[in-house]
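Visitor: Submitted below is the structure of interest, expressed as structure tokens.
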Amino acid sequence: MRMPRAFIFVPLFLFLSTASFPCRAETPDEEFERLGAEFVDEYPSFSPVYASWLGDHRFDGQMNDVSRESRLKSGEFSRSFLERVQKVDPEKLSAQNRVDHAMLKHHLEAELFSLEELREWEWNPTIYTGLTGSAIYNLVARDFAPIENRLGNVARRLETYPRFLEQVRRTLKPERVPPTHAETAVKQNRGVLDILKNRVLPHLDKLDAEEKRRLEKAVETATQAIEEHQVWLEKELVPNAKGEFRIGKELFDKKLRFSLGTDMSREEIKKLAEEELRLMRNEMYEVAKKIYKEEHPWTVFYDDVTPPSAFAMANPHDPPGLHHFKQAIIRSAIDIACRDLTPRDQLVDFAKETLRETTDFVRTKDLLTLPPDPVEIILMPEFERGFSVAYCDSPGALDVGQKTFYAISPIPDDWTDKQVRSFLREYNPFSIRDLTIHEAMPGHFVQLAHASRYPGKLRGLLASGTFIEGWAVYSERLMVDQGFLDDDPRMRLIQLKWYVRAITNAIIDQAIHCDGMERDEAMRLMVEQGFQEEREAALKWTRAQLSSTQLSTYFVGYQEMSEIRTVYEKKEGAAFNLKSFHDKLLSFGSPNPAFARRLLLGEDAE
């Protein structure tokens with residue numbers, strides 16, 4: 001029998017310190033590393049579902065407790081641990097430990113903010129639909145243990161669903177739940193039944209008679225509990241969901257600091273994003289001119305023959321008519337890129353082709369060291385749908401080498417032909433390539449596989465979303481700059497379009513939650529300024545209601561990642577090597593980009 005991790009950290013340390021070495025005082029680094037090991041050991045117990053994903057399988061047979069008593073214990077743990085962390089003097093730690101110290105302090109402060117100020121646990125039902133589905137999915141998606149053992153824990157978790165869902169109903173306050181959150185939860189709740197049907201029940205014959213009967217009964221119990229919860233969601237929650245989805249300036253600013261890990265203010269991000277949007281639209285126009293002229297070689301472009309001084313300026317940047325002319329040329333070039341669309345039922349198959357294509361390119365160009373881990377492209381599980389079109393589901397920091405899933409959401413069956421075409425134009429063949437770069441190669445999959453191999457497991461629990469998303473957006477630009485797809489200008493145009501999407505994400509994120517931006521204004525910005533299709537913009541409006549501050553991580557992360565590259569390249573001069581830079585940057589795990597910069601450049605890691 002494998003020894004549980006609970007018996008490894010402290011007792012082993014005590015044994016070594018008293019039996020193998022002379023008694024001596026701990027160094028500051030040893031003291032902090034012991035504290036970090038204690039956190040890694042104790043923190044996952046507060047969420048068994050998270051622990052399973054993380055790769056800590058001590059709690060695989062348990063389900064989350066979302067009662068008031070459990071929240072109080074979690075808050076006490078975070079507050080007590082924060083006090084202990086604050087007693088450690090970071091100036092006496094090594095550079096790597098100073099980073100982990102700052103990240104742990106930041107994480108604990110964020111936990112307390114979320115628990116006591118944001119209080120999402122009482123108004124966001126999608127938290128609980130995610131837990132309901134992930135509790136089973138995390139046990140069956142990856143082969144981290146024999147299927148018989150995993151199915152036994154599936155049964156144990158399913159048996160707790162009546163208790164868990166009853167706690168959810170007691171916890172949520174319908175009058176505080178925003179309508180979009182309630183409606184999304186209705187769509188997601190039954191998703192776990194799909195997991196049971198397709199990933200659990202087909203393995204029943206692998207169990208002995210007693211375990212088989214237990215699992216069958218547990219499935220029946222859980223199904224009844226989920227259906228009962230569905231009735232409550234539809235009959236009680238949705239009709240009474242009157243909450244405001246906008247979290248307001250005060251909460252947004254606090255959450256933004258925790259989400260981004262940067263000192264940039266909301267106003268600074270807005271100013272930078274608006275200027276970057278102007279620059280990138282101009283860059284899109286220059287690329288679009290090349291694409292347009294390939295089809296219309298005698299075209300004389302408006303700005304090539306008339307000096308701006310001949311016009312009265314309609315805005316600070318373009319003379320009258322030029323803005324609309326640029327808009328028309330960019331749209332025409334995008335239309336050219338969208339001529340050959342992937343059939344709706346072949347998106348996953350085409351994504352698989354693009355994964356082979358991007359992997360071959362990264363290898364040929366030797367852009368970085370590729371991890372040996374497997375990656376599989378799948379249809380997004382039903383309980384996860386409604387938030388984004390795709391995501392990368394990497395194994396947790398303690399499950400090194402397990403399979404990564406690059407999940408793509410299917411097109412809803414109830415969409416009209418016009419809506420389907422809008423979606424397929426947004427996710428045209430060039431866009432799917434960019435999506436694959438971002439989610440898998442060399443984006444999230446590669447970066448997170450490297451991160452899981454960072455020797456300090458504490459950092460794996462404290463990963464920075466700004467670093468993770470920043471690297472993925474950086475990867476998109478990297479591949480095009482390196483000549484991916486034979487320097488096809490259509491690929492570059494679509495990549496720029498994706499980056500403009502990241503910019504508008506940051507703009508609408510704060511505008512919606514802090515300035516009261518309404519749907520029409522947000523749609524106009526995304527469609528007209530960002531060249532997004534109607535379906536993408538509509539989905540993003542929903543996502544902006546369901547989340548806050550996360551949409552800013554793409555733009556801010558890319559800005560910081562680009563700055564790291566620029567400064568490091570200047571420092572290295574002629575000795576700069578792209579692969580060496582990438583490998584070194586990825587070797588730090590997923591720290592805040594500011595910390596990655598300091599570690600990379602040898603600066604003080606405060």
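Quick note on naming: the chains in the structure tokens go A, B, ... in the order shown, residues restart at 1 in each chain, and ligands are numbered from 1 in order of appearance.
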Please provide as a ChimeraX atom specification all residues within 9 Å of Leu578 of chain A, with the sequence filter that same-chain residues fewer than 2 positions apart are discarded (counting only C-alpha atoms).
Guide: /A:366-368,569,576,580-583
Visitor: Dump N, CA and C atoms for the selected residues as a short mmCIF file (atom, residue, chain, number, x, y, z; two decimals), in the first residue's frame?
Guide:
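Wrote it out as again.cif, contents follow:
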data_model
loop_
_atom_site.label_atom_id
_atom_site.label_comp_id
_atom_site.auth_asym_id
_atom_site.auth_seq_id
_atom_site.Cartn_x
_atom_site.Cartn_y
_atom_site.Cartn_z
N ASP A 366 13.34 24.60 -33.49
CA ASP A 366 14.02 24.39 -32.21
C ASP A 366 13.80 25.59 -31.29
N LEU A 367 12.52 25.94 -31.09
CA LEU A 367 12.17 27.14 -30.33
C LEU A 367 12.32 26.95 -28.83
N LEU A 368 12.15 25.71 -28.37
CA LEU A 368 12.28 25.41 -26.94
C LEU A 368 12.33 23.90 -26.77
N GLU A 569 16.97 40.19 -24.05
CA GLU A 569 17.68 40.18 -25.33
C GLU A 569 18.71 41.30 -25.40
N PHE A 576 22.51 36.31 -27.31
CA PHE A 576 21.11 35.90 -27.10
C PHE A 576 20.75 34.69 -27.95
N SER A 580 17.34 29.06 -25.58
CA SER A 580 17.88 29.16 -24.23
C SER A 580 17.04 30.11 -23.38
N PHE A 581 16.62 31.22 -23.97
CA PHE A 581 15.77 32.17 -23.25
C PHE A 581 14.46 31.52 -22.83
N HIS A 582 13.81 30.82 -23.77
CA HIS A 582 12.52 30.20 -23.46
C HIS A 582 12.67 29.13 -22.38
N ASP A 583 13.67 28.29 -22.53
CA ASP A 583 13.86 27.21 -21.55
C ASP A 583 14.14 27.76 -20.16
#
Visitor: Skipping near chain neighbours, those fewer than 6 positions away, what residues fall within 12 Å of segment 480-484 of chain A using only C-alpha atoms, listed as a PyMOL selection string?
Guide: chain A and resi 354+357-367+430+433-434+437+473-474+490-496+578
Visitor: As number ranges by chain, please: every residue in segment 213-349 of chain A that DSSP puts in helix (DSSP H, G or I).
Guide: A: 213-240, 248-260, 266-295, 302-305, 308-310, 322-337, 344-349
Visitor: Residues at most 10 Å from Tyr161 of chain A, counting only C-alpha atoms, excluding those fewer than 6 positions away in the same chain, as a list in words?
Guide: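 The residues satisfying every condition are Met63, Asn64, Thr132, Gln167, Ala218, Val219, Thr221, Ala222, Thr223, Gln224, Ala225 and Ile226 of chain A.
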Visitor: Considering only C-alpha atoms, give me a table of residues in segment 38-143 of chain A that are at most 12 Å from segment 229-234 of chain A, with the closest atom pair and distance in Å for each, as CSV.
Guide:
residue,atom,partner,partner_atom,distance
A:Pro125,CA,A:Leu233,CA,9.2
A:Thr126,CA,A:Leu233,CA,11.2
A:Tyr128,CA,A:His229,CA,11.2
A:Thr129,CA,A:His229,CA,10.3
A:Thr132,CA,A:His229,CA,11.2
Visitor: Export C-alpha atoms of the chosen residues as a PDB file, in the first residue's frame?
Guide:
ATOM      1  CA  PRO A 125     -23.795  28.919  -8.565  1.00  0.00           C
ATOM      2  CA  THR A 126     -21.361  28.021 -11.365  1.00  0.00           C
ATOM      3  CA  TYR A 128     -20.765  24.493  -7.503  1.00  0.00           C
ATOM      4  CA  THR A 129     -21.684  23.074 -10.918  1.00  0.00           C
ATOM      5  CA  THR A 132     -20.078  18.675  -9.065  1.00  0.00           C
TER       6      THR A 132
END
Visitor: Could you jot down the atom CA of Ile507 of chain A to atom CA of Leu108 of chain A separation for me, Å, one decimal place?
Guide: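 It comes out at 28.0 Å.
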Visitor: Hey, can you check how far atom CA of Leu204 of chain A sits from atom CA of Ala135 of chain A?
Guide: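 We find that atom CA of Leu204 of chain A and atom CA of Ala135 of chain A lie 18.5 Å from each other.
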Visitor: Return as a tab-separated table the residues of segment 237-348 of chain A lying at most 12 Å from segment 540-545 of chain A, together with the closest atom-to-atom pair for each and the distance in Å to one decimal, counting only C-alpha atoms, with rows in chain order and ascending residue number.
Guide:
residue	atom	partner	partner_atom	distance
A:Gly243	CA	A:Gln545	CA	11.5
A:Glu244	CA	A:Gln545	CA	9.4
A:Phe245	CA	A:Gln545	CA	5.8
A:Arg246	CA	A:Gln545	CA	7.1
A:Ile247	CA	A:Gln545	CA	9.6
Visitor: Write out as a VMD selection string which residues come within 8 Å of segment 169-179 of chain A when counting only C-alpha atoms, dropping same-chain ones fewer than 6 positions away.
Guide: chain A and resid 66 to 68 121 to 125 236 to 238 240 to 245
Visitor: Skipping near chain neighbours, those fewer than 5 positions away, what residues fall within 9 Å of Arg421 of chain A using only C-alpha atoms, listed as a list of chain:residue names?
Guide: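 My list of contacting residues is A:Leu341, A:Arg344, A:Thr416, A:Glu426, A:Arg535.
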Visitor: Between A:Glu560, A:Asp520, A:Glu148, A:Asp515, which is the closest to Met264 of chain A once you count only C-alpha atoms?
Guide: A:Glu560
Visitor: I need the residue nearest Arg425 of chain A from this list: A:Ile334, A:Met380, A:Val389, A:Val500. Use only C-alpha atoms for the distance.
Guide: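 Looking at the shortest contact to Arg425 of chain A, the residue is A:Ile334.
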Visitor: Which of these residues is nearest to Arg157 of chain A, using only C-alpha atoms: A:Glu83, A:Asp194, A:Asp65, A:Glu295?
Guide: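 Distance minimum relative to Arg157 of chain A lands on A:Asp65.
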Visitor: From the options A:Ile330, A:Met479, A:Cys514, A:Val154, which residue's atoms come nearest to Phe252 of chain A, counting only C-alpha atoms?
Guide: A:Cys514
Visitor: Using only C-alpha atoms, find the one residue out of A:Leu601, A:Pro429, A:Thr549, A:Trp53 that sits nearest to Asp393 of chain A.
Guide: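 Smallest separation from Asp393 of chain A among the options: A:Trp53.
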